[in-house]
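First comes the structure, then the notes that go with it.
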Amino acid sequence: MKVSIIVPTYNRIDSLIETINSIEQNDYPRKKFEIIIVDDCSTDDTKKKIKKISKAYGNIKYLKTEKNSGPAAARNLGIKHSKGEYIFFTDDDCIVPKNWIKSYLKIFKNNPSVGGIGGMLMPKSHNFFSKIEKIKDKLKL
């Protein structure tokens with residue numbers, strides 16, 4: 001099954017590279033997924049660095065919005081350019097687990113009526129807001 005993974009970004013190149021690396025380390029064949037980076041008019045070195053990293057991996061598409069429009073518009077642009085049977089979203093500051101693609105595809109396969117899946121948040125920092133997110137996730141809010 002072909003998967004399109006859409007990652008909207010805005011001025012977060014360092015964390016974006018960590019996100020891309022975590023996706024690429026998934027235990028799913030690289031030729032069966034594409035990563036679509038949608039740059040929402042970043043003013044940092046996003047374009048330059050993504051072009052460089054895309055040469056190393058070979059399955060990364062770079063798109064740029066015409067104007068800064070927010071993550072929803074960036075995701076919609078990514079969908080328009082996707083080729084996957086399944087569309088996955090993650091953010092530019094997330095690290096996905098090594099079995100992320102396989103585990104989500106298994107849920108879809110075993111539950112054909114499911115239209116979408118949300119994942120658990122595990123913040124890297126331990127500030128007040130990350131503690132709230134952990135509590136919300138445990139309570140399924």
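By convention here, the chains of the structure tokens are called A, B, ... in the order presented, each chain's residues are numbered starting at 1, and ligands are numbered starting at 1 in the order presented.
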
Distance query Cys94 in chain A at most 8 Å, only C-alpha atoms, self and fewer than 4 positions along chain excluded, as a ChimeraX atom specification: /A:15-16,18-19,90

Take the residues that were just selected and, keeping C-alpha atoms, output them as an mmCIF file, in the first residue's frame.
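Contents of selection-v4.cif, freshly written:
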```cif
data_model
loop_
_atom_site.group_PDB
_atom_site.id
_atom_site.type_symbol
_atom_site.label_atom_id
_atom_site.label_comp_id
_atom_site.auth_asym_id
_atom_site.auth_seq_id
_atom_site.Cartn_x
_atom_site.Cartn_y
_atom_site.Cartn_z
ATOM 1 C CA SER A 15 13.041 19.885 14.161
ATOM 2 C CA LEU A 16 11.728 19.150 10.643
ATOM 3 C CA GLU A 18 14.454 15.175 12.976
ATOM 4 C CA THR A 19 10.868 14.468 11.907
ATOM 5 C CA THR A 90 2.450 14.639 11.195
#
```

task: Check range 1-99 of chain A with DSSP on the backbone and list each residue it calls alpha helix (DSSP H), as an MDAnalysis selection string.
output: chainID A and resid 13:24 46:57 71:80

- prompt: Neighbours of Gly116 in chain A within 12 Å (only C-alpha atoms; same-chain residues fewer than 4 positions away dropped), as a ChimeraX atom specification?
  reply: /A:86-89,104-105,107-108,111-112

Spatial neighbours of range 49-62 of chain A, max dist 8 Å, only C-alpha atoms, sep filter under 6 positions, as a PyMOL selection string: chain A and resi 13+24+30-31+33-39

If you keep C-alpha atoms, can you produce a file of those selected residues as a short mmCIF file (atom, residue, chain, number, x, y, z; two decimals), in the first residue's frame?
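Output file result_38.cif follows:
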```
data_model
loop_
_atom_site.label_atom_id
_atom_site.label_comp_id
_atom_site.auth_asym_id
_atom_site.auth_seq_id
_atom_site.Cartn_x
_atom_site.Cartn_y
_atom_site.Cartn_z
CA ILE A 13 14.08 23.34 9.83
CA GLU A 24 12.60 7.45 7.05
CA ARG A 30 10.81 3.42 1.46
CA LYS A 31 9.54 2.86 -2.09
CA PHE A 33 5.77 5.91 0.95
CA GLU A 34 6.37 9.49 0.01
CA ILE A 35 7.00 12.40 2.31
CA ILE A 36 5.46 15.67 1.18
CA ILE A 37 6.96 18.69 2.91
CA VAL A 38 4.72 21.73 2.53
CA ASP A 39 6.64 24.89 3.36
#
```

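Take the candidates A:Phe128, A:Asp45, A:Asp27, A:Lys32 and check each one against Lys83 in chain A using only C-alpha atoms; the shortest distance goes to A:Lys32.
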
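The spacing separating CA of Asn68 in chain A from CA of Ser4 in chain A amounts to 22.4 Å.
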
message: Can you pull out the residues contacting Lys98 in chain A? Cut-off 8 Å, using only C-alpha atoms, and skip same-chain residues under 2 positions away; I want them as a list in words.
response: Ser22, Ile23, Gln25, Asn26, Asp27, Val96, Trp100 and Ile101 of chain A

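Neighbours of Leu77 in chain A closer than or equal to 10 Å, with only C-alpha atoms counted and sequence neighbours fewer than 2 positions away skipped, come out as A:Ile6, A:Pro8, A:Ile36, A:Val38, A:Leu63, A:Lys64, A:Thr65, A:Pro71, A:Ala72, A:Ala73, A:Ala74, A:Arg75, A:Ile79, A:Lys80, A:His81, A:Ser82.
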
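Here the question is which of A:Pro97, A:Lys47, A:Gly115, A:Asp40 gets nearest to Ser69 in chain A using only C-alpha atoms, and that residue is A:Asp40.
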